[in-house]
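Participant: Contents of protein.cif (mmCIF, C-alpha atoms) are given next:
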```cif
data_protein
#
loop_
_atom_site.label_atom_id
_atom_site.label_comp_id
_atom_site.auth_asym_id
_atom_site.auth_seq_id
_atom_site.Cartn_x
_atom_site.Cartn_y
_atom_site.Cartn_z
CA MET A 1305 -42.83 16.75 -5.98
CA LEU A 1306 -39.50 18.36 -6.71
CA ASN A 1307 -39.78 21.63 -8.57
CA LYS A 1308 -37.74 21.10 -11.76
CA SER A 1309 -37.57 24.84 -12.32
CA LYS A 1310 -35.17 25.14 -9.39
CA THR A 1311 -31.50 25.07 -10.24
CA ALA A 1312 -30.35 23.61 -6.91
CA ARG A 1313 -28.93 20.13 -7.25
CA VAL A 1314 -29.99 17.19 -5.09
CA ILE A 1315 -27.02 14.98 -4.27
CA PHE A 1316 -27.12 11.92 -2.02
CA HIS A 1317 -24.11 10.36 -0.33
CA VAL A 1318 -24.91 6.77 0.65
CA ASP A 1319 -22.50 5.33 3.21
CA MET A 1320 -22.90 1.74 4.40
CA ASN A 1321 -22.60 1.31 8.17
CA SER A 1322 -19.78 -0.93 9.43
CA PHE A 1323 -19.89 -2.61 6.03
CA TYR A 1324 -17.72 -5.71 6.41
CA ALA A 1325 -19.24 -6.56 9.78
CA SER A 1326 -22.75 -5.86 8.47
CA VAL A 1327 -22.24 -8.27 5.55
CA GLU A 1328 -21.19 -11.00 7.99
CA ILE A 1329 -24.21 -10.29 10.22
CA ALA A 1330 -26.51 -10.41 7.18
CA LEU A 1331 -25.13 -13.87 6.43
CA ASP A 1332 -25.51 -15.00 10.05
CA PRO A 1333 -28.40 -13.09 11.71
CA SER A 1334 -27.55 -14.69 15.08
CA LEU A 1335 -24.69 -12.16 15.24
CA LYS A 1336 -27.09 -9.21 15.24
CA GLY A 1337 -26.76 -7.04 18.32
CA LYS A 1338 -23.46 -8.64 19.33
CA PRO A 1339 -19.94 -7.15 19.29
CA VAL A 1340 -18.45 -8.37 16.01
CA ALA A 1341 -15.07 -7.55 14.48
CA ILE A 1342 -13.30 -8.48 11.25
CA ALA A 1343 -9.61 -9.21 11.68
CA GLY A 1344 -6.76 -11.16 10.16
CA ASN A 1345 -4.99 -13.99 11.95
CA VAL A 1346 -8.08 -14.75 14.01
CA GLU A 1347 -6.12 -17.39 15.93
CA ASP A 1348 -3.19 -15.03 16.46
CA ARG A 1349 -3.46 -12.33 19.13
CA LYS A 1350 -1.28 -10.08 17.00
CA GLY A 1351 -3.88 -9.68 14.25
CA ILE A 1352 -5.23 -6.21 13.42
CA ILE A 1353 -8.90 -5.15 13.57
CA VAL A 1354 -10.22 -4.24 10.11
CA THR A 1355 -13.65 -3.01 11.17
CA SER A 1356 -16.19 -3.71 13.88
CA SER A 1357 -19.89 -3.48 14.59
CA TYR A 1358 -21.27 -0.53 16.53
CA GLU A 1359 -21.79 -2.78 19.55
CA ALA A 1360 -18.04 -3.49 19.53
CA ARG A 1361 -17.20 0.17 18.98
CA ALA A 1362 -19.28 1.08 22.02
CA LYS A 1363 -16.87 -1.03 24.08
CA GLY A 1364 -13.80 0.71 22.68
CA VAL A 1365 -12.90 -1.53 19.73
CA ARG A 1366 -11.39 0.51 16.89
CA THR A 1367 -10.05 -0.09 13.37
CA THR A 1368 -6.29 -0.95 13.25
CA MET A 1369 -6.37 -1.87 16.94
CA PRO A 1370 -4.33 -5.01 17.77
CA LEU A 1371 -6.55 -8.01 18.36
CA TRP A 1372 -5.17 -8.58 21.85
CA GLU A 1373 -6.15 -5.05 22.87
CA ALA A 1374 -9.62 -5.37 21.33
CA LYS A 1375 -10.15 -8.61 23.27
CA ARG A 1376 -9.04 -6.91 26.46
CA LYS A 1377 -11.53 -4.08 25.96
CA CYS A 1378 -14.30 -6.44 24.84
CA PRO A 1379 -13.81 -10.01 26.15
CA ASP A 1380 -16.97 -11.26 24.41
CA LEU A 1381 -15.85 -9.90 21.02
CA ILE A 1382 -16.71 -12.23 18.12
CA VAL A 1383 -13.81 -12.11 15.66
CA LEU A 1384 -14.23 -13.26 12.04
CA PRO A 1385 -11.74 -13.46 9.15
CA PRO A 1386 -12.37 -11.18 6.13
CA SER A 1387 -14.03 -12.44 2.95
CA PHE A 1388 -13.42 -9.86 0.25
CA GLU A 1389 -15.24 -11.82 -2.43
CA ARG A 1390 -18.35 -11.74 -0.24
CA TYR A 1391 -17.95 -7.99 0.32
CA ARG A 1392 -17.49 -7.29 -3.40
CA ASN A 1393 -20.64 -9.27 -4.22
CA ALA A 1394 -22.61 -7.32 -1.61
CA SER A 1395 -21.23 -4.05 -2.98
CA LYS A 1396 -22.39 -4.93 -6.49
CA LYS A 1397 -25.93 -5.57 -5.24
CA ILE A 1398 -25.93 -2.24 -3.41
CA PHE A 1399 -24.90 -0.21 -6.45
CA ASP A 1400 -27.24 -2.16 -8.74
CA MET A 1401 -30.05 -1.03 -6.48
CA LEU A 1402 -28.89 2.59 -6.41
CA CYS A 1403 -28.79 2.63 -10.21
CA GLU A 1404 -32.55 1.99 -10.18
CA TYR A 1405 -32.99 5.54 -8.90
CA SER A 1406 -30.67 7.46 -11.22
CA ASP A 1407 -28.26 6.99 -14.11
CA LEU A 1408 -25.84 9.26 -12.24
CA VAL A 1409 -24.34 6.99 -9.59
CA GLU A 1410 -20.66 7.34 -8.67
CA PRO A 1411 -19.13 4.63 -6.48
CA VAL A 1412 -16.39 6.10 -4.30
CA SER A 1413 -15.32 2.85 -2.68
CA ILE A 1414 -16.70 -0.60 -2.01
CA ASP A 1415 -19.20 0.76 0.53
CA GLU A 1416 -20.05 4.36 -0.37
CA GLY A 1417 -21.13 6.42 -3.33
CA TYR A 1418 -22.93 9.50 -4.65
CA ILE A 1419 -26.27 9.72 -6.48
CA ASP A 1420 -27.45 12.77 -8.41
CA LEU A 1421 -31.23 12.90 -7.96
CA THR A 1422 -31.77 16.43 -9.23
CA ASP A 1423 -34.07 15.24 -12.01
CA ALA A 1424 -35.82 12.46 -10.09
CA SER A 1425 -39.01 14.47 -9.68
CA LEU A 1426 -41.30 11.57 -10.61
CA ARG A 1427 -40.13 9.61 -7.58
CA GLY A 1428 -41.16 12.26 -5.07
CA PHE A 1429 -39.42 14.33 -2.42
CA PRO A 1430 -35.72 13.68 -1.77
CA LEU A 1431 -36.33 12.73 1.86
CA ASP A 1432 -38.92 10.14 0.80
CA ILE A 1433 -36.51 8.66 -1.74
CA ALA A 1434 -33.78 8.48 0.91
CA HIS A 1435 -36.09 6.62 3.29
CA GLU A 1436 -37.05 4.23 0.49
CA ILE A 1437 -33.42 3.48 -0.40
CA GLN A 1438 -32.43 2.99 3.23
CA THR A 1439 -35.42 0.72 3.89
CA ARG A 1440 -34.84 -1.39 0.79
CA LEU A 1441 -31.15 -1.90 1.57
CA LEU A 1442 -32.09 -2.98 5.07
CA ASN A 1443 -35.01 -5.23 4.11
CA GLU A 1444 -33.69 -6.76 0.87
CA LEU A 1445 -29.97 -6.99 1.64
CA ARG A 1446 -30.07 -6.68 5.44
CA LEU A 1447 -27.45 -3.94 5.21
CA PRO A 1448 -27.75 -0.64 7.13
CA CYS A 1449 -26.66 2.69 5.70
CA SER A 1450 -26.60 6.41 6.41
CA ILE A 1451 -27.56 8.96 3.77
CA GLY A 1452 -26.60 12.62 3.43
CA ILE A 1453 -28.74 14.92 1.26
CA ALA A 1454 -27.32 18.25 0.07
CA PRO A 1455 -26.84 20.47 -3.01
CA ASN A 1456 -23.30 19.16 -3.66
CA LYS A 1457 -20.97 16.23 -3.06
CA PHE A 1458 -18.97 17.74 -0.22
CA LEU A 1459 -21.98 18.73 1.85
CA SER A 1460 -23.73 15.40 1.26
CA LYS A 1461 -20.60 13.56 2.43
CA MET A 1462 -20.44 15.67 5.58
CA ALA A 1463 -24.16 15.11 6.15
CA SER A 1464 -23.96 11.31 5.89
CA ASP A 1465 -21.36 11.27 8.67
CA MET A 1466 -23.58 13.15 11.09
CA LYS A 1467 -25.98 10.35 12.02
CA LYS A 1468 -24.74 6.77 12.23
CA PRO A 1469 -25.98 4.12 12.05
CA LEU A 1470 -29.17 4.34 9.96
CA GLY A 1471 -29.25 8.13 9.78
CA ILE A 1472 -30.67 10.44 7.13
CA THR A 1473 -29.44 14.03 7.27
CA VAL A 1474 -30.37 17.01 5.10
CA LEU A 1475 -27.75 19.77 4.99
CA ARG A 1476 -28.70 23.03 3.28
CA LYS A 1477 -26.29 25.83 2.41
CA ARG A 1478 -28.06 28.27 4.70
CA GLU A 1479 -27.42 25.88 7.61
CA ILE A 1480 -23.63 25.77 7.12
CA PRO A 1481 -22.79 28.49 9.72
CA GLN A 1482 -24.86 26.81 12.43
CA ILE A 1483 -24.08 23.14 11.68
CA LEU A 1484 -20.74 22.94 9.87
CA TRP A 1485 -18.68 25.87 11.09
CA PRO A 1486 -18.54 24.90 14.80
CA MET A 1487 -16.97 21.52 13.90
CA LYS A 1488 -13.25 20.91 14.45
CA ILE A 1489 -11.18 21.33 11.30
CA GLU A 1490 -10.01 17.69 11.47
CA GLU A 1491 -13.65 16.59 11.17
CA MET A 1492 -13.85 18.15 7.71
CA HIS A 1493 -13.80 15.70 4.81
CA GLY A 1494 -10.47 16.03 3.01
CA VAL A 1495 -8.47 17.17 6.06
CA GLY A 1496 -5.93 14.65 7.29
CA LYS A 1497 -3.42 14.90 10.11
CA LYS A 1498 -0.79 16.83 8.13
CA THR A 1499 -3.32 19.29 6.72
CA MET A 1500 -4.80 19.78 10.20
CA GLU A 1501 -1.34 20.65 11.55
CA LYS A 1502 -0.83 23.21 8.77
CA PHE A 1503 -4.21 24.77 9.55
CA HIS A 1504 -3.33 24.96 13.25
CA GLU A 1505 -0.14 26.84 12.34
CA ILE A 1506 -2.26 29.64 10.83
CA ASN A 1507 -4.78 29.58 13.71
CA ILE A 1508 -7.49 27.60 11.97
CA PHE A 1509 -9.07 25.20 14.44
CA THR A 1510 -12.67 24.94 13.22
CA ILE A 1511 -14.35 24.80 9.82
CA GLY A 1512 -15.72 28.26 10.61
CA ASP A 1513 -12.19 29.56 11.16
CA LEU A 1514 -11.30 28.32 7.68
CA ALA A 1515 -14.42 29.78 6.06
CA ASN A 1516 -13.78 33.19 7.59
CA LYS A 1517 -10.07 33.27 6.86
CA GLY A 1518 -8.89 35.22 3.85
CA GLU A 1519 -8.79 33.00 0.76
CA TRP A 1520 -5.33 34.25 -0.21
CA ASP A 1521 -3.92 33.54 3.27
CA VAL A 1522 -5.14 29.95 3.07
CA LYS A 1523 -3.82 29.47 -0.46
CA LEU A 1524 -0.46 30.92 0.54
CA ALA A 1525 -0.14 28.41 3.40
CA LEU A 1526 -1.57 25.29 1.75
CA GLY A 1527 -1.54 25.93 -2.00
CA LYS A 1528 -4.32 24.73 -4.30
CA ASN A 1529 -5.57 22.20 -1.77
CA GLY A 1530 -6.05 24.98 0.76
CA GLU A 1531 -8.01 27.01 -1.78
CA LYS A 1532 -10.23 24.01 -2.51
CA LEU A 1533 -10.88 23.37 1.18
CA TRP A 1534 -11.62 27.06 1.77
CA GLN A 1535 -14.30 26.89 -0.94
CA ARG A 1536 -15.76 23.69 0.54
CA ALA A 1537 -15.93 25.27 4.01
CA ARG A 1538 -18.13 27.95 2.45
CA GLY A 1539 -20.34 25.35 0.80
CA MET A 1540 -18.93 25.62 -2.73
CA ASP A 1541 -18.40 22.38 -4.68
CA ASN A 1542 -19.22 22.16 -8.39
CA ARG A 1543 -18.01 18.59 -8.95
CA GLU A 1544 -20.41 16.46 -10.98
CA VAL A 1545 -21.52 12.98 -9.98
CA ASP A 1546 -19.53 10.98 -12.53
CA PRO A 1547 -20.42 7.30 -13.08
CA GLU A 1548 -17.14 6.82 -14.94
CA ALA A 1549 -14.91 8.26 -12.22
CA SER A 1550 -14.65 4.96 -10.34
CA ASN A 1551 -13.32 3.18 -13.44
CA SER A 1552 -10.09 5.17 -13.63
CA PHE A 1553 -8.15 2.99 -11.19
CA LYS A 1554 -9.77 -0.38 -11.86
CA THR A 1555 -6.53 -1.64 -13.44
CA VAL A 1556 -2.99 -0.64 -12.57
CA GLY A 1557 -0.26 -2.57 -14.33
CA VAL A 1558 3.22 -2.70 -15.82
CA SER A 1559 4.74 -4.90 -18.50
CA THR A 1560 8.06 -5.29 -20.25
CA THR A 1561 8.99 -6.55 -23.71
CA LEU A 1562 12.26 -8.41 -23.30
CA PRO A 1563 15.26 -7.71 -25.58
CA GLU A 1564 15.73 -11.47 -25.99
CA ASP A 1565 13.66 -14.55 -25.28
CA LEU A 1566 14.09 -15.88 -21.77
CA VAL A 1567 14.17 -19.61 -21.10
CA GLN A 1568 15.52 -19.85 -17.54
CA PHE A 1569 13.18 -19.42 -14.59
CA ALA A 1570 15.84 -17.52 -12.62
CA GLU A 1571 15.92 -14.85 -15.34
CA MET A 1572 12.16 -14.53 -15.40
CA ASP A 1573 12.06 -14.43 -11.62
CA LYS A 1574 14.31 -11.37 -11.71
CA VAL A 1575 12.02 -9.68 -14.24
CA LEU A 1576 8.95 -10.38 -12.08
CA HIS A 1577 10.67 -8.74 -9.10
CA GLU A 1578 11.47 -5.66 -11.18
CA LEU A 1579 7.89 -5.45 -12.40
CA ALA A 1580 6.64 -5.81 -8.82
CA ASP A 1581 8.89 -2.93 -7.80
CA SER A 1582 7.39 -0.69 -10.50
CA LEU A 1583 3.85 -1.80 -9.70
CA GLU A 1584 4.35 -1.02 -6.01
CA LEU A 1585 5.37 2.51 -6.99
CA ARG A 1586 2.24 3.05 -9.10
CA LEU A 1587 -0.12 1.58 -6.50
CA LYS A 1588 1.32 3.79 -3.77
CA ARG A 1589 1.09 6.90 -5.94
CA LYS A 1590 -2.58 6.18 -6.54
CA LYS A 1591 -3.06 5.21 -2.85
CA VAL A 1592 -4.71 1.91 -3.76
CA VAL A 1593 -4.07 -1.76 -3.02
CA ALA A 1594 -4.50 -4.83 -5.22
CA THR A 1595 -7.20 -7.38 -4.50
CA THR A 1596 -6.79 -9.36 -7.74
CA LEU A 1597 -3.47 -9.85 -9.53
CA GLN A 1598 -3.13 -10.71 -13.21
CA LEU A 1599 -0.06 -12.09 -14.97
CA THR A 1600 0.48 -11.72 -18.72
CA ILE A 1601 2.85 -14.07 -20.54
CA ARG A 1602 3.70 -13.63 -24.24
CA TYR A 1603 5.71 -16.45 -25.72
CA ALA A 1604 8.31 -16.22 -28.48
CA GLY A 1605 5.71 -17.44 -30.98
CA ARG A 1606 3.47 -14.41 -30.06
CA LYS A 1607 0.93 -16.54 -28.19
CA THR A 1608 -0.29 -14.51 -25.20
CA VAL A 1609 -1.99 -15.85 -22.08
CA THR A 1610 -3.34 -13.98 -19.06
CA ARG A 1611 -4.07 -15.60 -15.72
CA SER A 1612 -5.38 -13.95 -12.57
CA GLU A 1613 -5.84 -14.80 -8.92
CA THR A 1614 -8.02 -13.18 -6.27
CA LEU A 1615 -5.88 -12.48 -3.23
CA SER A 1616 -6.85 -13.46 0.30
CA ASN A 1617 -5.63 -10.03 1.52
CA PRO A 1618 -5.14 -6.76 -0.39
CA ILE A 1619 -1.46 -6.14 -1.14
CA GLN A 1620 0.72 -3.22 -2.18
CA GLU A 1621 4.32 -4.07 -1.23
CA LYS A 1622 6.69 -5.29 -3.93
CA THR A 1623 7.64 -8.44 -1.98
CA ASP A 1624 3.98 -9.49 -1.76
CA LEU A 1625 3.34 -8.60 -5.40
CA ALA A 1626 6.39 -10.55 -6.59
CA LEU A 1627 5.46 -13.58 -4.50
CA ALA A 1628 1.90 -13.64 -5.88
CA ALA A 1629 3.09 -13.08 -9.48
CA LYS A 1630 5.69 -15.86 -9.17
CA LYS A 1631 3.05 -18.27 -7.86
CA ILE A 1632 0.80 -17.60 -10.87
CA PHE A 1633 3.75 -17.89 -13.24
CA LYS A 1634 4.86 -21.25 -11.87
CA GLU A 1635 1.34 -22.61 -12.22
CA HIS A 1636 0.81 -21.49 -15.82
CA TRP A 1637 4.17 -21.22 -17.61
CA ASN A 1638 4.33 -23.98 -20.25
CA GLY A 1639 8.14 -24.03 -20.35
CA GLU A 1640 8.50 -22.25 -23.70
CA PRO A 1641 10.72 -19.15 -24.24
CA VAL A 1642 9.08 -15.92 -23.04
CA ARG A 1643 9.22 -12.57 -24.88
CA LEU A 1644 6.96 -10.38 -22.66
CA LEU A 1645 5.88 -10.39 -19.02
CA GLY A 1646 3.28 -8.16 -17.37
CA VAL A 1647 1.88 -7.85 -13.87
CA SER A 1648 -1.37 -5.97 -13.24
CA ALA A 1649 -3.67 -5.25 -10.33
CA ILE A 1650 -6.96 -5.70 -12.17
CA GLN A 1651 -9.10 -4.91 -9.13
CA VAL A 1652 -7.98 -2.24 -6.70
CA ILE A 1653 -9.50 -0.49 -3.70
CA GLU A 1654 -8.52 2.65 -1.86
CA LYS A 1655 -5.83 1.95 0.69
CA ASN A 1656 -7.67 3.65 3.54
CA ARG A 1657 -10.62 1.33 2.93
CA ALA A 1658 -8.54 -1.78 2.68
CA TYR A 1659 -7.59 -4.45 5.16
CA ARG A 1660 -3.96 -5.23 5.80
CA GLN A 1661 -2.95 -8.21 7.91
CA LEU A 1662 -0.13 -6.98 10.16
CA ASP A 1663 1.27 -8.02 13.47
CA LEU A 1664 2.45 -5.36 15.91
CA PHE A 1665 6.10 -5.62 14.87
CA SER A 1666 5.51 -5.31 11.13
CA TYR A 1667 2.84 -2.65 11.65
CA HIS A 1668 5.41 -0.20 13.04
CA HIS A 1669 7.84 -1.02 10.24
CA PHE A 1670 5.08 -0.60 7.65
CA THR A 1671 4.48 2.92 8.96
CA LYS A 1672 8.20 3.69 8.60
CA ASP A 1673 8.17 2.26 5.05
CA GLU A 1674 5.33 4.62 4.16
CA GLN A 1675 7.39 7.61 5.29
CA LEU A 1676 10.39 6.32 3.32
CA PHE A 1677 8.23 5.88 0.23
CA GLU A 1678 6.99 9.46 0.37
CA THR A 1679 10.61 10.69 0.39
CA LEU A 1680 11.62 8.37 -2.47
CA ASP A 1681 8.56 9.34 -4.46
CA LYS A 1682 9.45 13.04 -4.25
CA ILE A 1683 13.00 12.32 -5.48
CA GLN A 1684 11.76 10.08 -8.33
CA ARG A 1685 9.18 12.62 -9.44
CA LYS A 1686 11.89 15.29 -9.65
CA TYR A 1687 14.77 13.30 -11.12
CA GLY A 1688 13.08 10.35 -12.82
CA GLU A 1689 11.59 7.00 -11.86
CA HIS A 1690 14.93 5.16 -11.89
CA SER A 1691 16.99 7.81 -10.07
CA VAL A 1692 16.60 5.93 -6.77
CA GLN A 1693 15.64 2.28 -6.31
CA LYS A 1694 15.31 0.60 -2.94
CA GLY A 1695 17.72 -2.29 -2.42
CA ILE A 1696 19.14 -2.11 -5.96
CA GLU A 1697 22.63 -1.05 -7.02
CA LYS A 1698 22.17 0.42 -10.46
CA LYS A 1699 24.74 -0.85 -12.97
CA GLY A 1700 24.18 0.43 -16.47
CA GLU A 1701 21.01 0.03 -18.46
CA ASN A 1702 18.11 -2.22 -17.52
CA ARG A 1703 18.61 -5.44 -19.49
CA ASN A 1704 14.88 -5.84 -19.88
CA GLY A 1705 14.32 -2.84 -22.08
CA LYS A 1706 11.52 -0.33 -21.87
CA LYS A 1707 8.62 -0.80 -19.46
CA ASN A 1708 5.12 -0.17 -20.66
CA GLU A 1709 2.53 1.03 -18.15
CA THR A 1710 -1.17 0.47 -18.22
#
```
Let me see the structure of the file written as structure tokens.

Facilitator:
Amino acid sequence: MLNKSKTARVIFHVDMNSFYASVEIALDPSLKGKPVAIAGNVEDRKGIIVTSSYEARAKGVRTTMPLWEAKRKCPDLIVLPPSFERYRNASKKIFDMLCEYSDLVEPVSIDEGYIDLTDASLRGFPLDIAHEIQTRLLNELRLPCSIGIAPNKFLSKMASDMKKPLGITVLRKREIPQILWPMKIEEMHGVGKKTMEKFHEINIFTIGDLANKGEWDVKLALGKNGEKLWQRARGMDNREVDPEASNSFKTVGVSTTLPEDLVQFAEMDKVLHELADSLELRLKRKKVVATTLQLTIRYAGRKTVTRSETLSNPIQEKTDLALAAKKIFKEHWNGEPVRLLGVSAIQVIEKNRAYRQLDLFSYHHFTKDEQLFETLDKIQRKYGEHSVQKGIEKKGENRNGKKNET
């Protein structure tokens, strides 16, 4: 039994293995043991790999790889289109099961989350509980996972990455110098390419280099984020497992009350494009993409209707958002004068977990757009949201009045 007198926390990080592919294999067990990949434009060689099974990865197939290249590396690759509704349903079942073990469950994304099991003494030892969770997910849902066990969220996340697939890893603070510190700095959770480059500039190449560097030197070079990472490298992380944390970005939306009733579709079409532009900005700032889009229409007589549509692919760009919003509007507008319009992403997922259907040509341009957005975002944060607008020549005040954000 766990000794409740101890103050050390017990935090699990549960990370599903090759989640999208695993859901498809669970649906069709004949795919088990075969190289499977999820990709858009299955019939088009220019599609992009979303994720792949470990059998496919062993043959060199990687996420974001063009489909033609994946097929060249693995000629027997089985390629399937994504089904996000199926993945969301599987995710719900996973977290419903995890909630049987603790009230403190924090989903991080569709396929990973934290559990605080500090007070789960009646269930037994943490390692036994981890084995039970892993076995149940595999037997009841046919979905494999890896689990990290540690005294805080950062260490449990690092631990879950150490053994895949179907691994269970315990990482104690006293083991940090031997296990964590020899790892390359880019292998540390929270360190991306740009942060890695900044660390290299101050001669930090391993997690141990960071931990043994002076805290002030790191903070001077990387600011508050550097200070946070320095603490993590030394095993310090006081963040609580917060069941409400995942709800903060469930809905991202914008709406506008019009200065006069609109009756012409062309006028409303322009408003929808402006709303899509604002929504794109908010989604990119939060680094999420929309999987379900909702349109709000308030008529002159105050009657309000909301209609939503689940998207075949997650979207973030204003052109995609406007196209989807316009489609919903055309299907549900009753022809009466409109006083308010709103567009909301009512289900979002983190961008780095999302699938984006891109051919090779647009993929390179998408990367350039991301760099452009970062520059525009910095300008807009400093001088105001409407100081710079892509593709718009600003002429006086916005005729649609004040925008309200959700």

Participant: Would you mind listing what lies within 10 Å of stretch 1413-1429 of chain A as a VMD selection string, with only C-alpha atoms counted and same-chain residues fewer than 4 positions away left out?

Facilitator: chain A and resid 1305 to 1308 1310 to 1324 1391 to 1396 1398 to 1399 1402 to 1403 1405 to 1409 1433 to 1434 1449 to 1453 1455 to 1457 1460 to 1461 1544 to 1547 1550 1652 to 1654 1656 to 1658

Participant: Can I get the selection written as a PDB file, in the frame of the given file, with C-alpha atoms?

Facilitator:
```pdb
ATOM      1  CA  MET A1305     -42.830  16.750  -5.980  1.00  0.00           C
ATOM      2  CA  LEU A1306     -39.500  18.360  -6.710  1.00  0.00           C
ATOM      3  CA  ASN A1307     -39.780  21.630  -8.570  1.00  0.00           C
ATOM      4  CA  LYS A1308     -37.740  21.100 -11.760  1.00  0.00           C
ATOM      5  CA  LYS A1310     -35.170  25.140  -9.390  1.00  0.00           C
ATOM      6  CA  THR A1311     -31.500  25.070 -10.240  1.00  0.00           C
ATOM      7  CA  ALA A1312     -30.350  23.610  -6.910  1.00  0.00           C
ATOM      8  CA  ARG A1313     -28.930  20.130  -7.250  1.00  0.00           C
ATOM      9  CA  VAL A1314     -29.990  17.190  -5.090  1.00  0.00           C
ATOM     10  CA  ILE A1315     -27.020  14.980  -4.270  1.00  0.00           C
ATOM     11  CA  PHE A1316     -27.120  11.920  -2.020  1.00  0.00           C
ATOM     12  CA  HIS A1317     -24.110  10.360  -0.330  1.00  0.00           C
ATOM     13  CA  VAL A1318     -24.910   6.770   0.650  1.00  0.00           C
ATOM     14  CA  ASP A1319     -22.500   5.330   3.210  1.00  0.00           C
ATOM     15  CA  MET A1320     -22.900   1.740   4.400  1.00  0.00           C
ATOM     16  CA  ASN A1321     -22.600   1.310   8.170  1.00  0.00           C
ATOM     17  CA  SER A1322     -19.780  -0.930   9.430  1.00  0.00           C
ATOM     18  CA  PHE A1323     -19.890  -2.610   6.030  1.00  0.00           C
ATOM     19  CA  TYR A1324     -17.720  -5.710   6.410  1.00  0.00           C
ATOM     20  CA  TYR A1391     -17.950  -7.990   0.320  1.00  0.00           C
ATOM     21  CA  ARG A1392     -17.490  -7.290  -3.400  1.00  0.00           C
ATOM     22  CA  ASN A1393     -20.640  -9.270  -4.220  1.00  0.00           C
ATOM     23  CA  ALA A1394     -22.610  -7.320  -1.610  1.00  0.00           C
ATOM     24  CA  SER A1395     -21.230  -4.050  -2.980  1.00  0.00           C
ATOM     25  CA  LYS A1396     -22.390  -4.930  -6.490  1.00  0.00           C
ATOM     26  CA  ILE A1398     -25.930  -2.240  -3.410  1.00  0.00           C
ATOM     27  CA  PHE A1399     -24.900  -0.210  -6.450  1.00  0.00           C
ATOM     28  CA  LEU A1402     -28.890   2.590  -6.410  1.00  0.00           C
ATOM     29  CA  CYS A1403     -28.790   2.630 -10.210  1.00  0.00           C
ATOM     30  CA  TYR A1405     -32.990   5.540  -8.900  1.00  0.00           C
ATOM     31  CA  SER A1406     -30.670   7.460 -11.220  1.00  0.00           C
ATOM     32  CA  ASP A1407     -28.260   6.990 -14.110  1.00  0.00           C
ATOM     33  CA  LEU A1408     -25.840   9.260 -12.240  1.00  0.00           C
ATOM     34  CA  VAL A1409     -24.340   6.990  -9.590  1.00  0.00           C
ATOM     35  CA  ILE A1433     -36.510   8.660  -1.740  1.00  0.00           C
ATOM     36  CA  ALA A1434     -33.780   8.480   0.910  1.00  0.00           C
ATOM     37  CA  CYS A1449     -26.660   2.690   5.700  1.00  0.00           C
ATOM     38  CA  SER A1450     -26.600   6.410   6.410  1.00  0.00           C
ATOM     39  CA  ILE A1451     -27.560   8.960   3.770  1.00  0.00           C
ATOM     40  CA  GLY A1452     -26.600  12.620   3.430  1.00  0.00           C
ATOM     41  CA  ILE A1453     -28.740  14.920   1.260  1.00  0.00           C
ATOM     42  CA  PRO A1455     -26.840  20.470  -3.010  1.00  0.00           C
ATOM     43  CA  ASN A1456     -23.300  19.160  -3.660  1.00  0.00           C
ATOM     44  CA  LYS A1457     -20.970  16.230  -3.060  1.00  0.00           C
ATOM     45  CA  SER A1460     -23.730  15.400   1.260  1.00  0.00           C
ATOM     46  CA  LYS A1461     -20.600  13.560   2.430  1.00  0.00           C
ATOM     47  CA  GLU A1544     -20.410  16.460 -10.980  1.00  0.00           C
ATOM     48  CA  VAL A1545     -21.520  12.980  -9.980  1.00  0.00           C
ATOM     49  CA  ASP A1546     -19.530  10.980 -12.530  1.00  0.00           C
ATOM     50  CA  PRO A1547     -20.420   7.300 -13.080  1.00  0.00           C
ATOM     51  CA  SER A1550     -14.650   4.960 -10.340  1.00  0.00           C
ATOM     52  CA  VAL A1652      -7.980  -2.240  -6.700  1.00  0.00           C
ATOM     53  CA  ILE A1653      -9.500  -0.490  -3.700  1.00  0.00           C
ATOM     54  CA  GLU A1654      -8.520   2.650  -1.860  1.00  0.00           C
ATOM     55  CA  ASN A1656      -7.670   3.650   3.540  1.00  0.00           C
ATOM     56  CA  ARG A1657     -10.620   1.330   2.930  1.00  0.00           C
ATOM     57  CA  ALA A1658      -8.540  -1.780   2.680  1.00  0.00           C
TER      58      ALA A1658
END
```

Participant: Expanded to explicit residues, what is the PyMOL selection byres ((chain A and resi 1352) around 6) for this file, as a PyMOL selection string?

Facilitator: chain A and resi 1343+1351+1353+1368-1371

Participant: Work out how far atom CA of A:Val1592 is from atom CA of A:Gln1651, in Å to one decimal.

Facilitator: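 Distance between the two atoms: 9.7 Å.
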
Participant: Check which residues satisfy the PyMOL selection byres ((chain A and resi 1600) around 9) in the file shown, then give them as a CSV table (one decimal) with C-alpha atoms, keeping the file's coordinate frame.

Facilitator:
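So the final result, stored in part.csv, reads:
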```
chain,number,residue,atom,x,y,z
A,1559,SER,CA,4.7,-4.9,-18.5
A,1598,GLN,CA,-3.1,-10.7,-13.2
A,1599,LEU,CA,-0.1,-12.1,-15.0
A,1601,ILE,CA,2.8,-14.1,-20.5
A,1602,ARG,CA,3.7,-13.6,-24.2
A,1608,THR,CA,-0.3,-14.5,-25.2
A,1609,VAL,CA,-2.0,-15.8,-22.1
A,1610,THR,CA,-3.3,-14.0,-19.1
A,1611,ARG,CA,-4.1,-15.6,-15.7
A,1612,SER,CA,-5.4,-14.0,-12.6
A,1633,PHE,CA,3.8,-17.9,-13.2
A,1644,LEU,CA,7.0,-10.4,-22.7
A,1645,LEU,CA,5.9,-10.4,-19.0
A,1646,GLY,CA,3.3,-8.2,-17.4
A,1647,VAL,CA,1.9,-7.8,-13.9
A,1648,SER,CA,-1.4,-6.0,-13.2
```
